[in-house]
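coords-v2.cif follows; it contains mmCIF, C-alpha atoms.
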```cif
data_data
#
loop_
_atom_site.label_atom_id
_atom_site.label_comp_id
_atom_site.auth_asym_id
_atom_site.auth_seq_id
_atom_site.Cartn_x
_atom_site.Cartn_y
_atom_site.Cartn_z
CA MET Y 1 126.95 179.43 198.40
CA ALA Y 2 129.39 177.12 200.15
CA ASN Y 3 128.51 174.20 197.92
CA MET Y 4 129.79 176.01 194.87
CA LYS Y 5 133.15 176.66 196.45
CA GLU Y 6 133.45 173.06 197.55
CA ILE Y 7 132.73 171.78 194.08
CA HIS Y 8 135.16 174.23 192.60
CA SER Y 9 138.05 173.18 194.83
CA ARG Y 10 137.24 169.53 194.17
CA MET Y 11 137.40 170.18 190.45
CA LYS Y 12 140.70 171.97 190.85
CA SER Y 13 142.26 169.04 192.69
CA ILE Y 14 140.97 166.55 190.12
CA GLN Y 15 142.42 168.69 187.37
CA ASP Y 16 145.79 168.70 189.11
CA ILE Y 17 145.77 164.92 189.51
CA MET Y 18 144.73 164.54 185.91
CA LYS Y 19 147.74 166.57 184.85
CA ILE Y 20 149.99 164.16 186.70
CA THR Y 21 148.33 160.98 185.43
CA ASN Y 22 148.36 162.33 181.92
CA ALA Y 23 152.06 163.18 182.17
CA MET Y 24 152.77 159.72 183.55
CA TYR Y 25 150.80 158.22 180.72
CA LEU Y 26 152.92 160.06 178.18
CA ILE Y 27 156.17 159.13 179.93
CA SER Y 28 155.31 155.46 180.24
CA SER Y 29 154.09 155.27 176.67
CA SER Y 30 157.40 156.61 175.39
CA LYS Y 31 159.32 154.30 177.75
CA MET Y 32 157.18 151.43 176.61
CA LYS Y 33 158.01 152.07 172.99
CA LYS Y 34 161.68 151.66 173.84
CA ALA Y 35 161.04 148.61 176.01
CA ARG Y 36 158.91 147.05 173.30
CA LYS Y 37 161.67 147.52 170.78
CA ASN Y 38 164.08 145.74 173.11
CA LEU Y 39 161.56 143.01 173.75
CA LEU Y 40 160.93 142.41 170.07
CA ALA Y 41 164.69 142.23 169.50
CA THR Y 42 165.18 139.75 172.33
CA ARG Y 43 162.13 137.56 171.73
CA PRO Y 44 163.68 135.49 168.89
CA TYR Y 45 166.70 134.84 171.08
CA PHE Y 46 164.58 133.81 174.06
CA ASP Y 47 162.35 131.53 172.00
CA LYS Y 48 165.27 129.92 170.20
CA LEU Y 49 167.17 129.54 173.45
CA LYS Y 50 164.27 127.71 175.04
CA SER Y 51 163.69 125.44 172.07
CA THR Y 52 167.41 124.72 171.65
CA ILE Y 53 167.85 123.85 175.30
CA TYR Y 54 164.80 121.65 175.10
CA ASP Y 55 166.31 119.94 172.08
CA ILE Y 56 169.68 119.57 173.79
CA LEU Y 57 168.10 118.15 176.92
CA LEU Y 58 166.22 115.69 174.74
CA ARG Y 59 169.47 114.37 173.36
CA ALA Y 60 171.67 114.63 176.44
CA PRO Y 61 173.10 111.39 177.76
CA HIS Y 62 172.95 110.57 181.45
CA ILE Y 63 175.46 112.68 183.32
CA HIS Y 64 176.19 113.27 186.94
CA GLN Y 65 176.26 116.99 187.06
CA ILE Y 66 175.12 119.44 189.66
CA TYR Y 67 172.68 121.23 187.38
CA PHE Y 68 170.79 117.99 186.83
CA ASN Y 69 170.94 116.74 190.37
CA LYS Y 70 167.39 116.95 191.60
CA ARG Y 71 168.46 116.11 195.16
CA GLU Y 72 165.57 113.75 195.59
CA GLU Y 73 166.92 112.66 198.93
CA ILE Y 74 165.68 115.96 200.36
CA LYS Y 75 162.05 115.85 201.41
CA TYR Y 76 159.49 118.09 199.74
CA GLU Y 77 158.93 120.20 202.85
CA ASP Y 78 162.63 120.57 203.57
CA ARG Y 79 163.68 121.80 200.16
CA LYS Y 80 165.30 125.21 200.09
CA ARG Y 81 163.49 127.16 197.45
CA GLY Y 82 164.85 130.33 195.96
CA TYR Y 83 162.52 132.77 194.24
CA ILE Y 84 163.68 135.56 192.00
CA VAL Y 85 160.74 137.94 192.09
CA ILE Y 86 160.62 140.77 189.60
CA THR Y 87 158.43 143.74 190.47
CA ALA Y 88 158.56 147.39 189.47
CA ASP Y 89 160.58 150.09 191.21
CA LYS Y 90 157.50 152.26 191.53
CA GLY Y 91 153.81 151.79 192.08
CA LEU Y 92 150.91 153.25 190.11
CA ALA Y 93 151.00 150.46 187.57
CA GLY Y 94 147.57 148.97 188.09
CA ALA Y 95 147.59 145.37 189.25
CA TYR Y 96 151.12 144.73 187.94
CA ASN Y 97 152.95 144.55 191.27
CA HIS Y 98 150.03 143.05 193.09
CA ASN Y 99 149.73 140.10 190.70
CA VAL Y 100 153.41 139.21 191.01
CA ILE Y 101 153.36 139.47 194.80
CA LYS Y 102 150.20 137.39 195.02
CA LEU Y 103 151.67 134.63 192.87
CA ALA Y 104 154.89 134.69 194.90
CA GLU Y 105 153.00 134.33 198.17
CA GLU Y 106 150.94 131.45 196.81
CA GLU Y 107 154.11 129.68 195.70
CA MET Y 108 155.91 130.29 198.95
CA ALA Y 109 153.09 128.69 200.90
CA LYS Y 110 154.36 125.37 199.52
CA GLY Y 111 157.42 125.22 201.73
CA VAL Y 112 159.03 126.81 204.74
CA LYS Y 113 162.63 127.28 203.71
CA ASN Y 114 162.15 130.02 201.19
CA LYS Y 115 164.63 132.64 200.21
CA LEU Y 116 163.70 135.67 198.19
CA PHE Y 117 165.80 137.45 195.61
CA LEU Y 118 164.02 140.64 194.85
CA ILE Y 119 164.35 142.85 191.83
CA GLY Y 120 162.39 146.08 192.11
CA GLN Y 121 161.65 148.32 195.08
CA VAL Y 122 157.93 147.66 195.43
CA GLY Y 123 158.41 143.96 196.07
CA ARG Y 124 161.36 144.61 198.35
CA GLN Y 125 159.38 146.99 200.58
CA TYR Y 126 156.41 144.66 200.69
CA PHE Y 127 158.32 141.53 201.66
CA LEU Y 128 160.53 143.41 204.12
CA ARG Y 129 157.42 144.52 205.97
CA LYS Y 130 156.13 140.96 206.06
CA ASN Y 131 159.42 139.63 207.48
CA TYR Y 132 160.31 137.14 204.80
CA VAL Y 133 163.85 135.83 204.38
CA ILE Y 134 165.43 138.11 201.84
CA ASP Y 135 168.89 138.13 200.37
CA ASN Y 136 169.98 141.61 201.33
CA GLU Y 137 172.95 141.85 199.04
CA PHE Y 138 170.88 141.06 196.00
CA LEU Y 139 170.28 144.61 194.79
CA TYR Y 140 169.25 145.07 191.22
CA THR Y 141 166.92 147.53 189.63
CA ALA Y 142 164.07 146.55 187.38
CA GLN Y 143 164.80 149.41 185.03
CA ASN Y 144 166.88 149.18 181.89
CA PRO Y 145 167.86 145.50 182.07
CA THR Y 146 171.40 144.80 180.90
CA MET Y 147 173.35 141.66 180.05
CA HIS Y 148 175.80 142.69 182.73
CA SER Y 149 173.30 142.48 185.58
CA ALA Y 150 171.89 139.24 184.17
CA ARG Y 151 175.40 137.79 184.29
CA GLU Y 152 175.87 138.82 187.91
CA ILE Y 153 172.49 137.48 188.95
CA THR Y 154 173.28 134.15 187.30
CA GLU Y 155 176.60 133.90 189.10
CA THR Y 156 175.04 134.61 192.48
CA ILE Y 157 172.32 132.04 191.98
CA ILE Y 158 174.57 129.32 190.60
CA ASP Y 159 177.02 129.89 193.42
CA LEU Y 160 174.31 129.45 196.06
CA TYR Y 161 172.95 126.44 194.24
CA ALA Y 162 176.36 124.80 194.09
CA LYS Y 163 176.86 125.45 197.80
CA ARG Y 164 173.56 123.68 198.41
CA GLU Y 165 172.01 126.74 199.94
CA LEU Y 166 169.29 126.44 197.33
CA ASP Y 167 167.69 123.26 195.98
CA ASP Y 168 165.16 124.70 193.55
CA VAL Y 169 165.24 128.07 191.86
CA TYR Y 170 162.22 129.79 190.34
CA VAL Y 171 161.67 133.10 188.61
CA ILE Y 172 158.39 134.92 189.09
CA TYR Y 173 157.87 137.62 186.50
CA THR Y 174 155.23 139.15 184.28
CA LYS Y 175 154.88 137.87 180.79
CA MET Y 176 153.53 139.90 177.95
CA ILE Y 177 151.00 137.71 176.18
CA THR Y 178 149.64 140.16 173.68
CA SER Y 179 150.33 143.86 173.46
CA MET Y 180 147.27 144.44 175.64
CA LYS Y 181 147.46 141.51 178.03
CA VAL Y 182 150.07 140.76 180.67
CA GLU Y 183 150.13 137.91 183.15
CA ALA Y 184 152.28 136.89 186.12
CA GLU Y 185 154.14 133.65 185.49
CA ILE Y 186 156.46 131.27 187.31
CA LEU Y 187 159.39 129.53 185.65
CA GLN Y 188 161.71 126.96 187.16
CA ILE Y 189 165.35 127.48 186.18
CA LEU Y 190 167.23 125.03 188.38
CA PRO Y 191 167.71 122.09 188.47
CA LEU Y 192 167.31 121.17 184.82
CA GLU Y 193 165.53 118.04 183.84
CA ARG Y 194 166.63 115.60 181.21
CA LYS Y 195 163.81 114.65 178.90
CA LYS Y 196 164.52 110.95 178.84
CA PHE Y 197 161.02 109.78 178.13
CA GLU Y 198 160.25 112.37 175.50
CA ARG Y 199 163.45 111.40 173.74
CA ARG Y 200 162.48 107.74 173.55
CA LYS Y 201 159.07 108.73 172.30
CA ALA Y 202 160.51 110.98 169.60
CA GLY Y 203 162.98 108.28 168.63
CA TYR Y 204 165.99 110.58 168.89
CA SER Y 205 169.43 109.28 169.57
CA HIS Y 206 171.93 110.95 171.86
CA ALA Y 207 173.88 113.81 170.38
CA SER Y 208 177.58 113.92 170.97
CA PHE Y 209 178.94 116.59 173.27
CA TYR Y 210 182.31 118.07 172.58
CA PRO Y 211 184.74 118.02 174.41
CA SER Y 212 182.65 116.14 176.99
CA PRO Y 213 179.03 116.32 178.17
CA SER Y 214 179.86 117.62 181.61
CA GLU Y 215 182.27 120.23 180.28
CA VAL Y 216 179.74 121.44 177.74
CA MET Y 217 177.05 121.65 180.42
CA GLU Y 218 179.47 123.54 182.67
CA HIS Y 219 179.51 126.35 180.10
CA LEU Y 220 176.10 125.90 178.61
CA VAL Y 221 173.97 126.09 181.75
CA PRO Y 222 175.27 129.47 183.00
CA ASN Y 223 174.95 130.80 179.46
CA PHE Y 224 171.40 129.53 179.22
CA MET Y 225 170.48 130.95 182.62
CA LYS Y 226 171.99 134.30 181.76
CA GLY Y 227 169.97 134.41 178.56
CA VAL Y 228 166.78 133.45 180.38
CA ILE Y 229 167.27 136.01 183.13
CA TYR Y 230 168.05 138.76 180.66
CA SER Y 231 164.98 137.96 178.59
CA VAL Y 232 162.79 137.75 181.65
CA LEU Y 233 164.02 141.15 182.84
CA VAL Y 234 163.30 142.66 179.44
CA GLU Y 235 159.87 141.09 179.37
CA ALA Y 236 159.00 142.27 182.89
CA TYR Y 237 160.16 145.81 182.21
CA SER Y 238 158.10 145.99 179.09
CA SER Y 239 155.05 144.61 180.92
CA GLU Y 240 155.54 147.16 183.68
CA GLN Y 241 155.47 150.07 181.29
CA GLN Y 242 152.48 148.56 179.52
CA SER Y 243 150.55 148.17 182.80
CA ARG Y 244 151.42 151.66 183.92
CA MET Y 245 150.36 153.09 180.61
CA VAL Y 246 146.99 151.33 180.75
CA ALA Y 247 146.46 152.29 184.41
CA MET Y 248 147.28 155.93 183.80
CA GLU Y 249 145.11 156.07 180.73
CA ALA Y 250 142.19 154.70 182.76
CA ALA Y 251 142.90 157.20 185.53
CA THR Y 252 142.91 160.10 183.09
CA THR Y 253 139.67 158.94 181.51
CA SER Y 254 137.89 158.57 184.84
CA ALA Y 255 139.21 161.98 185.94
CA LYS Y 256 137.67 163.42 182.79
CA ASP Y 257 134.36 161.72 183.57
CA MET Y 258 134.39 163.08 187.11
CA LEU Y 259 135.16 166.56 185.87
CA LYS Y 260 132.25 166.34 183.48
CA SER Y 261 129.72 165.45 186.16
CA LEU Y 262 131.23 167.98 188.58
CA THR Y 263 131.00 170.72 185.96
CA LEU Y 264 127.34 169.89 185.58
CA MET Y 265 126.82 170.04 189.34
CA TYR Y 266 128.76 173.28 189.54
CA ASN Y 267 126.70 174.91 186.81
CA ARG Y 268 123.48 173.80 188.47
CA ALA Y 269 124.61 175.20 191.79
CA ARG Y 270 125.63 178.45 190.14
CA GLN Y 271 122.34 178.70 188.26
CA SER Y 272 120.31 178.09 191.38
CA ALA Y 273 122.37 180.71 193.24
CA ILE Y 274 121.69 183.24 190.49
CA THR Y 275 117.99 182.37 190.45
CA GLN Y 276 117.80 182.77 194.18
CA GLU Y 277 119.55 186.14 194.04
CA ILE Y 278 117.18 187.40 191.37
CA THR Y 279 114.20 186.19 193.37
CA GLU Y 280 115.53 188.03 196.39
CA ILE Y 281 116.10 191.25 194.43
CA VAL Y 282 112.69 191.09 192.79
CA SER Y 283 110.91 190.40 196.06
CA GLY Y 284 112.90 193.22 197.70
CA ALA Y 285 111.95 195.64 194.89
CA ASN Y 286 108.31 194.55 195.16
CA SER Y 287 108.23 195.22 198.86
CA LEU Y 288 109.64 198.74 198.28
CA LYS Y 289 106.97 199.49 195.66
CA SER Y 290 104.04 198.61 197.80
CA MET S 1 173.93 115.12 149.16
CA GLU S 2 173.11 118.70 149.92
CA LYS S 3 175.87 121.24 149.73
CA THR S 4 174.42 123.67 152.23
CA PHE S 5 172.80 123.67 155.65
CA ARG S 6 170.56 126.17 157.39
CA LEU S 7 172.41 128.52 159.69
CA ASP S 8 170.78 130.51 162.49
CA ILE S 9 172.91 133.01 164.34
CA ILE S 10 170.96 134.81 167.03
CA ALA S 11 172.34 137.48 169.36
CA SER S 12 170.47 138.44 172.50
CA ASP S 13 169.61 141.83 171.02
CA HIS S 14 168.90 140.91 167.41
CA PRO S 15 168.71 137.93 165.04
CA PHE S 16 172.04 138.21 163.19
CA TYR S 17 171.79 135.75 160.33
CA ASN S 18 169.31 133.22 159.06
CA GLY S 19 169.83 131.39 155.82
CA GLU S 20 171.71 128.77 153.84
CA CYS S 21 175.41 128.37 154.41
CA GLU S 22 178.14 126.12 153.00
CA MET S 23 180.54 126.07 155.89
CA ILE S 24 181.07 127.70 159.23
CA VAL S 25 184.18 128.05 161.37
CA PHE S 26 183.87 129.19 164.98
CA LEU S 27 186.04 129.27 168.08
CA GLY S 28 185.22 126.35 170.35
CA LEU S 29 186.44 125.67 173.86
CA ASP S 30 189.81 124.39 172.67
CA GLY S 31 190.37 125.95 169.28
CA GLU S 32 188.73 126.52 165.93
CA PHE S 33 185.94 124.26 164.88
CA GLY S 34 184.74 123.86 161.30
CA VAL S 35 181.33 122.50 160.31
CA LEU S 36 180.24 121.24 156.89
CA PRO S 37 176.78 119.99 155.88
CA ASN S 38 175.70 116.58 157.25
CA HIS S 39 177.71 116.88 160.40
CA GLU S 40 176.85 114.45 163.18
CA PRO S 41 174.48 115.82 165.87
CA MET S 42 176.59 117.69 168.36
CA VAL S 43 176.35 120.25 171.12
CA THR S 44 179.28 122.44 172.02
CA CYS S 45 180.22 125.85 173.34
CA LEU S 46 181.24 129.04 171.63
CA ASN S 47 184.15 131.07 172.90
CA ALA S 48 184.47 134.82 172.45
CA GLY S 49 186.19 135.36 169.13
CA GLU S 50 185.76 135.44 165.41
CA ILE S 51 183.33 133.33 163.44
CA ARG S 52 183.33 133.05 159.67
CA PHE S 53 180.78 131.42 157.43
CA LYS S 54 180.63 130.87 153.69
CA VAL S 55 177.53 131.92 151.76
CA ASP S 56 177.55 131.45 147.95
CA GLY S 57 181.30 131.03 147.94
CA GLU S 58 181.90 134.22 149.88
CA TRP S 59 183.22 134.36 153.44
CA LYS S 60 181.41 136.51 155.98
CA TYR S 61 182.92 137.48 159.31
CA ALA S 62 181.61 138.44 162.72
CA ALA S 63 182.83 138.91 166.28
CA THR S 64 180.94 137.00 168.95
CA SER S 65 180.84 136.64 172.70
CA THR S 66 180.53 133.28 174.45
CA GLY S 67 177.52 131.18 173.62
CA ILE S 68 175.95 127.87 172.71
CA VAL S 69 176.21 125.91 169.47
CA GLU S 70 173.84 123.18 168.41
CA ILE S 71 174.88 121.23 165.32
CA MET S 72 172.51 118.93 163.42
CA PRO S 73 172.99 117.31 159.99
CA ASN S 74 170.80 119.89 158.26
CA PHE S 75 171.07 122.96 160.48
CA VAL S 76 173.29 124.81 162.93
CA VAL S 77 172.09 127.15 165.66
CA ILE S 78 174.43 129.63 167.32
CA LEU S 79 173.17 131.55 170.33
CA ALA S 80 175.40 134.27 171.77
CA ASP S 81 175.08 137.42 173.88
CA THR S 82 176.45 139.64 171.15
CA VAL S 83 177.29 139.13 167.49
CA GLU S 84 178.68 142.02 165.49
CA LYS S 85 179.85 142.61 161.95
CA PRO S 86 183.38 144.03 161.68
CA GLU S 87 182.05 147.38 160.46
CA GLU S 88 179.61 147.62 163.39
CA ILE S 89 182.31 147.44 166.03
CA ASP S 90 183.20 150.64 167.80
CA ILE S 91 187.00 150.45 167.77
CA LYS S 92 187.46 153.28 170.23
CA ARG S 93 185.14 151.67 172.73
CA ALA S 94 186.83 148.31 172.34
CA ILE S 95 190.27 149.86 172.89
CA GLU S 96 189.02 151.67 175.97
CA ALA S 97 187.46 148.48 177.31
CA LYS S 98 190.71 146.63 176.72
CA GLU S 99 192.75 149.27 178.53
CA ARG S 100 190.29 149.34 181.41
CA ALA S 101 190.44 145.57 181.74
CA GLU S 102 194.25 145.54 181.60
CA GLU S 103 194.40 148.22 184.27
CA ARG S 104 192.06 146.23 186.49
CA LEU S 105 194.07 143.06 185.98
CA ARG S 106 197.05 144.84 187.56
CA GLN S 107 195.07 145.48 190.75
CA LYS S 108 194.52 142.92 193.43
CA GLN S 109 191.12 141.39 192.93
CA SER S 110 188.96 138.57 194.19
CA ILE S 111 188.83 135.46 192.01
CA LYS S 112 185.35 136.38 190.81
CA GLU S 113 186.43 139.87 189.81
CA TYR S 114 189.46 138.39 188.12
CA TYR S 115 187.28 136.17 185.94
CA HIS S 116 185.03 139.09 185.08
CA THR S 117 187.97 141.21 184.03
CA GLN S 118 189.47 138.39 182.07
CA ALA S 119 186.19 137.85 180.23
CA ALA S 120 185.93 141.59 179.51
CA LEU S 121 189.47 141.65 178.17
CA ASN S 122 188.73 138.62 176.04
CA ARG S 123 185.67 140.29 174.51
CA ALA S 124 187.58 143.48 173.76
CA MET S 125 190.51 141.62 172.22
CA SER S 126 188.30 139.50 169.97
CA ARG S 127 186.47 142.61 168.77
CA LEU S 128 189.73 144.35 167.97
CA LYS S 129 191.10 141.29 166.22
CA VAL S 130 188.11 141.07 163.91
CA THR S 131 188.21 144.77 163.01
CA LYS S 132 191.94 144.72 162.36
CA LYS S 133 191.58 141.84 159.94
CA HIS S 134 188.68 143.14 157.89
CA SER S 135 188.94 146.88 157.54
#
```
Would you give me this structure, written as structure tokens?
Amino acid sequence: MANMKEIHSRMKSIQDIMKITNAMYLISSSKMKKARKNLLATRPYFDKLKSTIYDILLRAPHIHQIYFNKREEIKYEDRKRGYIVITADKGLAGAYNHNVIKLAEEEMAKGVKNKLFLIGQVGRQYFLRKNYVIDNEFLYTAQNPTMHSAREITETIIDLYAKRELDDVYVIYTKMITSMKVEAEILQILPLERKKFERRKAGYSHASFYPSPSEVMEHLVPNFMKGVIYSVLVEAYSSEQQSRMVAMEAATTSAKDMLKSLTLMYNRARQSAITQEITEIVSGANSLKS
Amino acid sequence: MEKTFRLDIIASDHPFYNGECEMIVFLGLDGEFGVLPNHEPMVTCLNAGEIRFKVDGEWKYAATSTGIVEIMPNFVVILADTVEKPEEIDIKRAIEAKERAEERLRQKQSIKEYYHTQAALNRAMSRLKVTKKHS
């Protein structure tokens, strides 16, 4: 019976795919363990960095410095926005890449003069196809984030910002909320904002900056940005592995379910074929007898 | 008046130290900088080099990269890319890094590359300095 053969080959192909998804599940789960370790080691730094900068900005006196210059003279529509978008290098990670790309497109609808800085191949291919303005020399991989690449990214961005080729800089990445839940998030990194009103409310006085506020900020801001970019890369990489692991686990489970129902169908088809054969033999024997 | 303040030293890859401390000396932008309890609120920068801090009358040492320092009367926060104990430093690697950086400094480079190399050399030198002193 042709049906039996069809079912059999279908089962074979599902089994092959299941082997791949299962292998990918194992690989991403071991990669995730490593990424999680890195993330847990970096988290205290990231959290403290954010709270310290917040505290410093609370106490900073008024300074004319490029990192604080909001360039309010430029109209909202005319602002040059830079987006650092972090996606994965490969697909098959569930909605991971899709969520980041969707958020990026929503954000970019706000203005016209957008420039994209892409980390990860999936995002790069997608935005290239859609003809967005992309910085072509900005080539970094999403895998194995290092302090070195974070430093280079920071330098590129600060350089462009200082040259006024960018007015606002955002990072779009995926944050790991709990070990099971990830979410795409946007974070503004430049320009910084002094928390003048919060300071008055909290009753803080200005802290002193040594040797001088602008000199401290000159060193502090790149350092802060480098830390933020590194942490964000670590977080995104960990989320990627997490999403891939979940997606591959789901794929393996549904492959198993399909195999189960196909096995049932196959057995039924086989049984009915056998029954039919027996009926044929019996009726043939009967006709010989008579 | 309290004799100690809370000290938080956090490297980007691990929290290095968290606890009470009597005094800390670190390398600022223009030389060494010592902090005792009840210091005025201050924000400053950390240069790559050696830091030492006193816990229960005993000095502890570490090699750091560049970073940020926030000083408050009752606590001090130090955030740096790397912070290492003298015994954790890989001397061979540091020597190799130093030689590599020196070799690169002899080549013609762009200003950006020059700064990178200089920073790398600085990191290697400060690591070596700390290990030489305390081993």
The PyMOL selection byres ((chain Y) within 7 of (chain S)) resolved against shown file, as a list in words: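 The output of the PyMOL selection byres ((chain Y) within 7 of (chain S)) on this file is Ala41, Thr42, Pro44, Tyr45, Ala207, Ser208, Phe209, Tyr210, Val216, His219, Leu220 and Asn223 of chain Y.
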Just want the 6 Å neighbourhood of Ala63 in chain S, counted on only C-alpha atoms, with same-chain residues fewer than 2 positions away dropped. Output as a CSV table (one decimal) with C-alpha atoms, keeping the file's coordinate frame.
```
chain,number,residue,atom,x,y,z
S,49,GLY,CA,186.2,135.4,169.1
S,50,GLU,CA,185.8,135.4,165.4
S,83,VAL,CA,177.3,139.1,167.5
S,84,GLU,CA,178.7,142.0,165.5
S,127,ARG,CA,186.5,142.6,168.8
```
Given the PyMOL selection byres ((chain Y and resi 50) around 12) and the file above, list the residues it selects as a PyMOL selection string. (chain Y and resi 43-49+51-57+187+189+221+223-225+227-229+231) or (chain S and resi 68+79)
Could you tell me how far CA of Gly111 in chain Y sits from CA of Glu165 in chain Y, in Å to one decimal place?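 Distance between the two atoms: 14.8 Å.
The two atoms in question, CA of Asp56 in chain S and CA of Phe33 in chain S, are spaced 20.2 Å apart.
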Within 7 Å of Ala124 in chain S, counting only C-alpha atoms, which residues show up once you throw out same-chain ones fewer than 6 positions away? Write them as a PyMOL selection string, please. chain S and resi 94-95+97-98
With a distance cut-off of 12 Å and all atoms listed in the file, select the neighbouring residues of Asp257 in chain Y, excluding the residue or stretch itself and same-chain residues fewer than 5 positions from it, and output the selection as JSON, numbers by chain. {"Y": [11, 14, 15, 18, 250, 251, 252, 262, 263, 264]}
To verify the selection step, state as an MDAnalysis selection string which residues the PyMOL selection byres ((chain S and resi 118) around 12) yields on this input. chainID S and resid 48 97:106 109 111:117 119:125
Kindly export the residues of the current selection with C-alpha atoms, as a compact mmCIF listing (two decimals), in the coordinates of the input.
```
# COMPACT_ATOMS: atom_id res chain seq x y z
CA ALA S 48 184.47 134.82 172.45
CA ALA S 97 187.46 148.48 177.31
CA LYS S 98 190.71 146.63 176.72
CA GLU S 99 192.75 149.27 178.53
CA ARG S 100 190.29 149.34 181.41
CA ALA S 101 190.44 145.57 181.74
CA GLU S 102 194.25 145.54 181.60
CA GLU S 103 194.40 148.22 184.27
CA ARG S 104 192.06 146.23 186.49
CA LEU S 105 194.07 143.06 185.98
CA ARG S 106 197.05 144.84 187.56
CA GLN S 109 191.12 141.39 192.93
CA ILE S 111 188.83 135.46 192.01
CA LYS S 112 185.35 136.38 190.81
CA GLU S 113 186.43 139.87 189.81
CA TYR S 114 189.46 138.39 188.12
CA TYR S 115 187.28 136.17 185.94
CA HIS S 116 185.03 139.09 185.08
CA THR S 117 187.97 141.21 184.03
CA ALA S 119 186.19 137.85 180.23
CA ALA S 120 185.93 141.59 179.51
CA LEU S 121 189.47 141.65 178.17
CA ASN S 122 188.73 138.62 176.04
CA ARG S 123 185.67 140.29 174.51
CA ALA S 124 187.58 143.48 173.76
CA MET S 125 190.51 141.62 172.22
```
Pick from S:Tyr61, S:Glu96, S:Phe53, S:Glu32, whichever lies nearest to His134 in chain S using all atoms listed in the file: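 Going through S:Tyr61, S:Glu96, S:Phe53, S:Glu32 one by one, the smallest distance to His134 in chain S is for S:Tyr61.
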Please return range 121-132 of chain S, rebuilt to N, CA, C and O atoms, as an mmCIF file, keeping the file's coordinate frame.
```cif
data_model
loop_
_atom_site.group_PDB
_atom_site.id
_atom_site.type_symbol
_atom_site.label_atom_id
_atom_site.label_comp_id
_atom_site.auth_asym_id
_atom_site.auth_seq_id
_atom_site.Cartn_x
_atom_site.Cartn_y
_atom_site.Cartn_z
ATOM 1 N N LEU S 121 188.283 141.481 179.010
ATOM 2 C CA LEU S 121 189.470 141.650 178.170
ATOM 3 C C LEU S 121 189.365 140.778 176.925
ATOM 4 O O LEU S 121 189.640 141.207 175.808
ATOM 5 N N ASN S 122 188.900 139.563 177.133
ATOM 6 C CA ASN S 122 188.730 138.620 176.040
ATOM 7 C C ASN S 122 187.777 139.160 174.977
ATOM 8 O O ASN S 122 188.046 139.098 173.772
ATOM 9 N N ARG S 123 186.658 139.729 175.441
ATOM 10 C CA ARG S 123 185.670 140.290 174.510
ATOM 11 C C ARG S 123 186.276 141.440 173.711
ATOM 12 O O ARG S 123 186.132 141.523 172.490
ATOM 13 N N ALA S 124 186.988 142.315 174.427
ATOM 14 C CA ALA S 124 187.580 143.480 173.760
ATOM 15 C C ALA S 124 188.612 143.044 172.733
ATOM 16 O O ALA S 124 188.642 143.545 171.603
ATOM 17 N N MET S 125 189.455 142.090 173.126
ATOM 18 C CA MET S 125 190.510 141.620 172.220
ATOM 19 C C MET S 125 189.925 141.003 170.963
ATOM 20 O O MET S 125 190.410 141.236 169.853
ATOM 21 N N SER S 126 188.862 140.182 171.143
ATOM 22 C CA SER S 126 188.300 139.500 169.970
ATOM 23 C C SER S 126 187.659 140.512 169.034
ATOM 24 O O SER S 126 187.729 140.386 167.819
ATOM 25 N N ARG S 127 187.052 141.559 169.610
ATOM 26 C CA ARG S 127 186.470 142.610 168.770
ATOM 27 C C ARG S 127 187.561 143.296 167.953
ATOM 28 O O ARG S 127 187.416 143.506 166.747
ATOM 29 N N LEU S 128 188.646 143.643 168.646
ATOM 30 C CA LEU S 128 189.730 144.350 167.970
ATOM 31 C C LEU S 128 190.356 143.488 166.871
ATOM 32 O O LEU S 128 190.691 143.970 165.800
ATOM 33 N N LYS S 129 190.489 142.208 167.174
ATOM 34 C CA LYS S 129 191.100 141.290 166.220
ATOM 35 C C LYS S 129 190.290 141.244 164.927
ATOM 36 O O LYS S 129 190.844 141.302 163.827
ATOM 37 N N VAL S 130 188.984 141.151 165.083
ATOM 38 C CA VAL S 130 188.110 141.070 163.910
ATOM 39 C C VAL S 130 188.184 142.355 163.101
ATOM 40 O O VAL S 130 188.264 142.340 161.874
ATOM 41 N N THR S 131 188.170 143.512 163.770
ATOM 42 C CA THR S 131 188.210 144.770 163.010
ATOM 43 C C THR S 131 189.548 144.946 162.306
ATOM 44 O O THR S 131 189.600 145.448 161.199
ATOM 45 N N LYS S 132 190.617 144.568 162.958
ATOM 46 C CA LYS S 132 191.940 144.720 162.360
ATOM 47 C C LYS S 132 192.040 143.924 161.055
ATOM 48 O O LYS S 132 192.596 144.369 160.061
#
```
